[in-house]
Each structure stands twice: as structure tokens, then as C-alpha cells.
>>> print(open('input.cif').read())   # mmCIF, C-alpha atoms
data_target
loop_
_atom_site.label_atom_id
_atom_site.label_comp_id
_atom_site.auth_asym_id
_atom_site.auth_seq_id
_atom_site.Cartn_x
_atom_site.Cartn_y
_atom_site.Cartn_z
CA MET A 1 136.66 -59.19 -63.59
CA ALA A 2 133.07 -58.57 -64.51
CA ILE A 3 130.78 -61.50 -65.02
CA SER A 4 127.60 -61.06 -66.92
CA SER A 5 124.32 -62.34 -65.64
CA SER A 6 124.02 -64.66 -68.58
CA THR A 7 126.99 -66.69 -67.41
CA ILE A 8 125.88 -66.85 -63.77
CA LEU A 9 122.14 -67.27 -64.00
CA PRO A 10 120.71 -70.72 -64.37
CA ALA A 11 118.66 -71.46 -67.46
CA SER A 12 115.35 -71.34 -65.59
CA ALA A 13 116.10 -67.89 -64.12
CA LYS A 14 117.07 -66.51 -67.49
CA THR A 15 113.85 -67.53 -69.06
CA ASN A 16 111.59 -66.49 -66.19
CA GLY A 17 113.32 -63.17 -65.68
CA ALA A 18 112.68 -63.46 -61.93
CA ALA A 19 116.26 -63.34 -60.84
CA THR A 20 118.48 -60.36 -61.19
CA ARG A 21 122.15 -59.87 -61.00
CA GLU A 22 122.04 -58.62 -57.41
CA GLY A 23 120.46 -61.85 -56.19
CA TYR A 24 123.40 -63.92 -57.33
CA GLU A 25 126.26 -61.60 -56.57
CA HIS A 26 127.03 -63.37 -53.34
CA LEU A 27 128.17 -66.34 -55.38
CA ASN A 28 131.08 -64.34 -56.76
CA HIS A 29 132.43 -63.61 -53.28
CA CYS A 30 132.42 -67.18 -52.00
CA PRO A 31 135.83 -68.49 -51.14
CA LYS A 32 136.94 -71.64 -52.89
CA THR A 33 137.22 -73.55 -49.67
CA MET A 34 133.49 -73.74 -49.07
CA GLY A 35 133.10 -76.76 -51.29
CA SER A 36 130.08 -77.59 -53.35
CA LYS A 37 127.89 -74.75 -52.05
CA CYS A 38 129.81 -72.23 -54.09
CA SER A 39 129.66 -72.41 -57.85
CA LYS A 40 132.67 -71.59 -59.91
CA THR A 41 132.19 -68.76 -62.29
CA GLU A 42 135.29 -69.24 -64.32
CA PRO A 43 136.89 -72.59 -65.24
CA ASP A 44 140.33 -73.37 -63.86
CA ASN A 45 143.41 -73.48 -65.98
CA ASP A 46 143.83 -77.10 -64.91
CA ASP A 47 140.38 -77.96 -66.19
CA LEU A 48 141.10 -76.20 -69.49
CA GLU A 49 144.38 -78.02 -69.76
CA LYS A 50 142.70 -81.37 -69.05
CA GLU A 51 139.98 -80.67 -71.59
CA ARG A 52 142.57 -79.65 -74.18
CA LYS A 53 144.61 -82.83 -73.51
CA ARG A 54 141.48 -84.94 -73.75
CA LYS A 55 140.60 -83.36 -77.10
CA LEU A 56 144.15 -83.85 -78.33
CA LEU A 57 144.04 -87.48 -77.21
CA LEU A 58 140.73 -88.00 -79.01
CA ALA A 59 142.13 -86.32 -82.11
CA LYS A 60 145.20 -88.57 -81.97
CA GLN A 61 143.03 -91.64 -81.53
CA ARG A 62 140.90 -90.59 -84.49
CA GLN A 63 144.04 -89.95 -86.51
CA ILE A 64 145.44 -93.37 -85.56
CA ALA A 65 142.12 -95.01 -86.45
CA ARG A 66 142.12 -93.21 -89.80
CA MET A 67 145.71 -94.26 -90.42
CA LYS A 68 144.84 -97.89 -89.64
CA ALA A 69 141.80 -97.74 -91.89
CA ALA A 70 143.86 -96.12 -94.66
CA GLY A 71 146.53 -98.79 -94.19
CA LYS A 72 143.94 -101.54 -94.47
CA ILE A 73 142.47 -99.99 -97.61
CA GLN A 74 145.94 -99.56 -99.13
CA ALA A 75 146.88 -103.14 -98.24
CA TRP A 76 143.64 -104.39 -99.81
CA TRP A 77 144.28 -102.34 -102.95
CA ARG A 78 147.89 -103.48 -103.21
CA GLY A 79 146.75 -107.08 -102.76
CA THR A 80 144.14 -106.58 -105.48
CA LEU A 81 146.79 -105.18 -107.83
CA VAL A 82 149.18 -108.05 -107.04
CA ARG A 83 146.42 -110.61 -107.61
CA ARG A 84 145.54 -108.97 -110.91
CA THR A 85 149.19 -108.96 -111.95
CA LEU A 86 149.62 -112.60 -110.94
CA LEU A 87 146.43 -113.58 -112.74
CA ALA A 88 147.57 -111.78 -115.88
CA ALA A 89 151.00 -113.44 -115.64
CA ALA A 90 149.41 -116.85 -115.09
CA LEU A 91 147.12 -116.36 -118.10
CA ARG A 92 150.07 -115.31 -120.25
CA ALA A 93 152.08 -118.31 -119.08
CA TRP A 94 149.13 -120.57 -119.82
CA MET A 95 148.81 -119.09 -123.32
CA ILE A 96 152.53 -119.63 -123.95
CA GLN A 97 152.27 -123.21 -122.69
CA CYS A 98 149.29 -123.88 -124.97
CA TRP A 99 151.16 -122.39 -127.93
CA TRP A 100 154.28 -124.47 -127.14
CA ARG A 101 152.24 -127.67 -126.80
CA THR A 102 150.65 -126.92 -130.18
CA VAL A 103 154.09 -126.40 -131.73
CA LEU A 104 155.34 -129.67 -130.24
CA TRP A 105 152.21 -131.51 -131.38
CA ARG A 106 152.65 -130.17 -134.92
CA LYS A 107 156.31 -131.25 -134.95
CA LEU A 108 155.35 -134.70 -133.72
CA TYR A 109 152.54 -134.91 -136.31
CA LYS A 110 154.94 -133.92 -139.12
CA ARG A 111 157.50 -136.43 -137.86
CA ARG A 112 154.85 -139.16 -137.86
CA GLN A 113 153.70 -138.16 -141.35
CA ASN A 114 157.28 -138.25 -142.64
CA SER A 115 157.89 -141.63 -140.99
CA LEU A 116 154.69 -142.95 -142.55
CA LYS A 117 155.69 -141.61 -145.98
CA ILE A 118 159.12 -143.22 -145.68
CA TYR A 119 157.51 -146.49 -144.60
CA ILE A 120 155.11 -146.39 -147.53
CA ILE A 121 157.94 -145.64 -149.98
CA GLN A 122 160.02 -148.48 -148.55
CA GLU A 123 157.09 -150.91 -148.71
CA GLN A 124 156.29 -149.92 -152.27
CA ALA A 125 159.95 -150.33 -153.23
CA ALA A 126 160.05 -153.76 -151.57
CA VAL A 127 156.88 -154.83 -153.38
CA LYS A 128 158.29 -153.58 -156.69
CA LEU A 129 161.59 -155.41 -156.09
CA GLN A 130 159.73 -158.57 -155.17
CA SER A 131 157.61 -158.32 -158.31
CA TRP A 132 160.73 -157.76 -160.45
CA VAL A 133 162.47 -160.74 -158.86
CA ARG A 134 159.41 -162.94 -159.39
CA MET A 135 159.12 -161.69 -162.96
CA TRP A 136 162.80 -162.47 -163.55
CA GLN A 137 162.36 -165.94 -161.99
CA CYS A 138 159.33 -166.59 -164.20
CA HIS A 139 161.26 -165.38 -167.21
CA GLN A 140 164.18 -167.66 -166.29
CA ARG A 141 161.87 -170.66 -165.95
CA TYR A 142 160.18 -169.80 -169.22
CA CYS A 143 163.53 -169.56 -170.96
CA GLN A 144 164.62 -172.89 -169.46
CA VAL A 145 161.41 -174.55 -170.62
CA CYS A 146 161.76 -173.06 -174.08
CA ASN A 147 165.37 -174.28 -174.31
CA ALA A 148 164.36 -177.75 -173.10
CA VAL A 149 161.56 -177.93 -175.64
CA CYS A 150 163.89 -176.78 -178.40
CA ILE A 151 166.48 -179.43 -177.46
CA LEU A 152 163.87 -182.14 -177.34
CA GLN A 153 162.31 -181.10 -180.59
CA ALA A 154 165.55 -180.78 -182.55
CA PRO A 155 165.88 -184.40 -183.75
CA LYS A 156 162.28 -184.87 -184.90
CA SER A 157 162.93 -188.11 -186.61
CA CYS A 158 165.13 -189.72 -184.00
CA PHE A 159 163.40 -189.55 -180.70
CA THR A 160 159.86 -189.01 -179.67
CA PHE A 161 159.62 -187.87 -176.09
CA GLN A 162 156.72 -186.64 -174.19
CA THR A 163 157.99 -183.22 -173.30
CA SER A 164 155.52 -182.69 -170.54
CA ASP A 165 156.71 -185.73 -168.57
CA VAL A 166 160.40 -184.93 -168.98
CA SER A 167 160.01 -181.32 -168.08
CA GLN A 168 157.95 -182.25 -165.06
CA ALA A 169 160.60 -184.68 -163.85
CA GLN A 170 163.49 -182.33 -164.55
CA TYR A 171 162.05 -178.99 -163.37
CA GLY A 172 159.58 -180.18 -160.75
CA GLY A 173 156.36 -178.77 -162.18
CA ALA A 174 154.03 -178.57 -165.14
CA PHE A 175 154.83 -175.86 -167.62
CA ASN A 176 151.61 -175.90 -169.56
CA GLN A 177 150.36 -172.96 -167.58
CA PRO A 178 152.74 -170.35 -166.20
CA GLU A 179 152.67 -170.08 -162.45
CA PHE A 180 152.47 -166.67 -160.83
CA HIS A 181 152.50 -165.93 -157.13
CA ILE A 182 151.47 -162.37 -156.39
CA GLU A 183 151.77 -161.11 -152.87
CA ILE A 184 150.00 -157.89 -152.08
CA LEU A 185 151.03 -156.10 -148.94
CA SER A 186 148.59 -153.76 -147.32
CA ILE A 187 149.90 -150.52 -145.93
#
>>> encode(input="input.cif", output="C-alpha cells")
Amino acid sequence: MAISSSTILPASAKTNGAATREGYEHLNHCPKTMGSKCSKTEPDNDDLEKERKRKLLLAKQRQIARMKAAGKIQAWWRGTLVRRTLLAAALRAWMIQCWWRTVLWRKLYKRRQNSLKIYIIQEQAAVKLQSWVRMWQCHQRYCQVCNAVCILQAPKSCFTFQTSDVSQAQYGGAFNQPEFHIEILSI
């Protein structure tokens, strides 16, 4: 196997040009048992194998590191998507809840309005009935007074009564002025 001078010569000898191939040829003939005094011209297969394994190990470690980094990025992205989805779902649920509360509030408001209308109608009907009853009572009293006056006035020549005193004693009140009691209910 021929070895060129560029592989054997040290860097300083190459640049100076002082050394030649013949000066370093003795290094090629050194047995391997001499130790550190002999330099190896060609790397061993074991060294190549170790270097190759080391490179493979580094490549695997880099690949594992990349996989872990990719996994972390993917987990972050998936988490971001899940958070977005949950936020959107929460916002939609909130909107539905607001809408439903509005619907319930409107129903309650309408129910209150209807109850108030019914109450007002009932109160107005009660007031009208009370006024009719009072009017009827007043009319009855007026008719009684008129009948009493007519009876007392019939025999003009026979008896002279003071109609106001008799009517007061009989009916418990003066009938010169009609008596009205008006009760106004506020709503």
C-alpha cells in the first residue's frame, strides 16, 4: 500500500518543504508493538467502527431530541386548539344562557303585566259594583222618603206633621240633603 507524503508529513514539514518522503519512510516499517514512538499511518477498523458508532449515537440522540421537541410543540399546539375550542364552546354556552335568561325574564314580565291587568280589571269592576250598589241604596232611600212624604201629605186637612222630624225618627237621618259616600280606590 502506497502512502503519499501528504498523509505522513506533519503540517510544519509540508509547509517548509524541508522534509522529503525518504526521511519519513522508516515510520512505515515500524512494528505496532513499539508503542507511541511509531505513528500509525492508517486508522484501524476498530477505530473506524467506534467513530461510526459514535456518529450513529449522536445522530440518534439528535433525532430523539428533535422528536421530543416536536412532541412538545405538537402538545402545545393541541393544547392551544383544545383551549380555543373550549373557549368557543364556553362563549356559545354563555350566549345561550343569556338568551334563555332573557326569554324567561320576558315571560315573567308578561305574566306580571297580565296579572296587573287582571287586578286592575277586578278592582275597576269592584268599584263599579260598589258604586251601583250605593246608587241603588240611595235610590231606595230616596224612594222611601218620597213615599213617606206622599203618605204624610195625603190628608192635608186632617193632620199637620213636621215631615222632617218624623222621617228623621223613622229612617235615622235627615233627608233634606242626599247623602253620598264615594270611596275611591287607588290602583
>>> axis_aligned_box(input="input.cif", around="range 79-97 of chain A", padding_each_side="8 Å", output="AutoDock Vina command-line options")
--center_x 148.3 --center_y -114.2 --center_z -113.4 --size_x 24.4 --size_y 34.0 --size_z 37.2
>>> atom_distance(input="input.cif", atom1="CA of Ile118 in chain A", atom2="CA of Trp132 in chain A")
20.8 Å
>>> atom_distance(input="input.cif", atom1="CA of Ala59 in chain A", atom2="CA of Arg78 in chain A")
27.8 Å
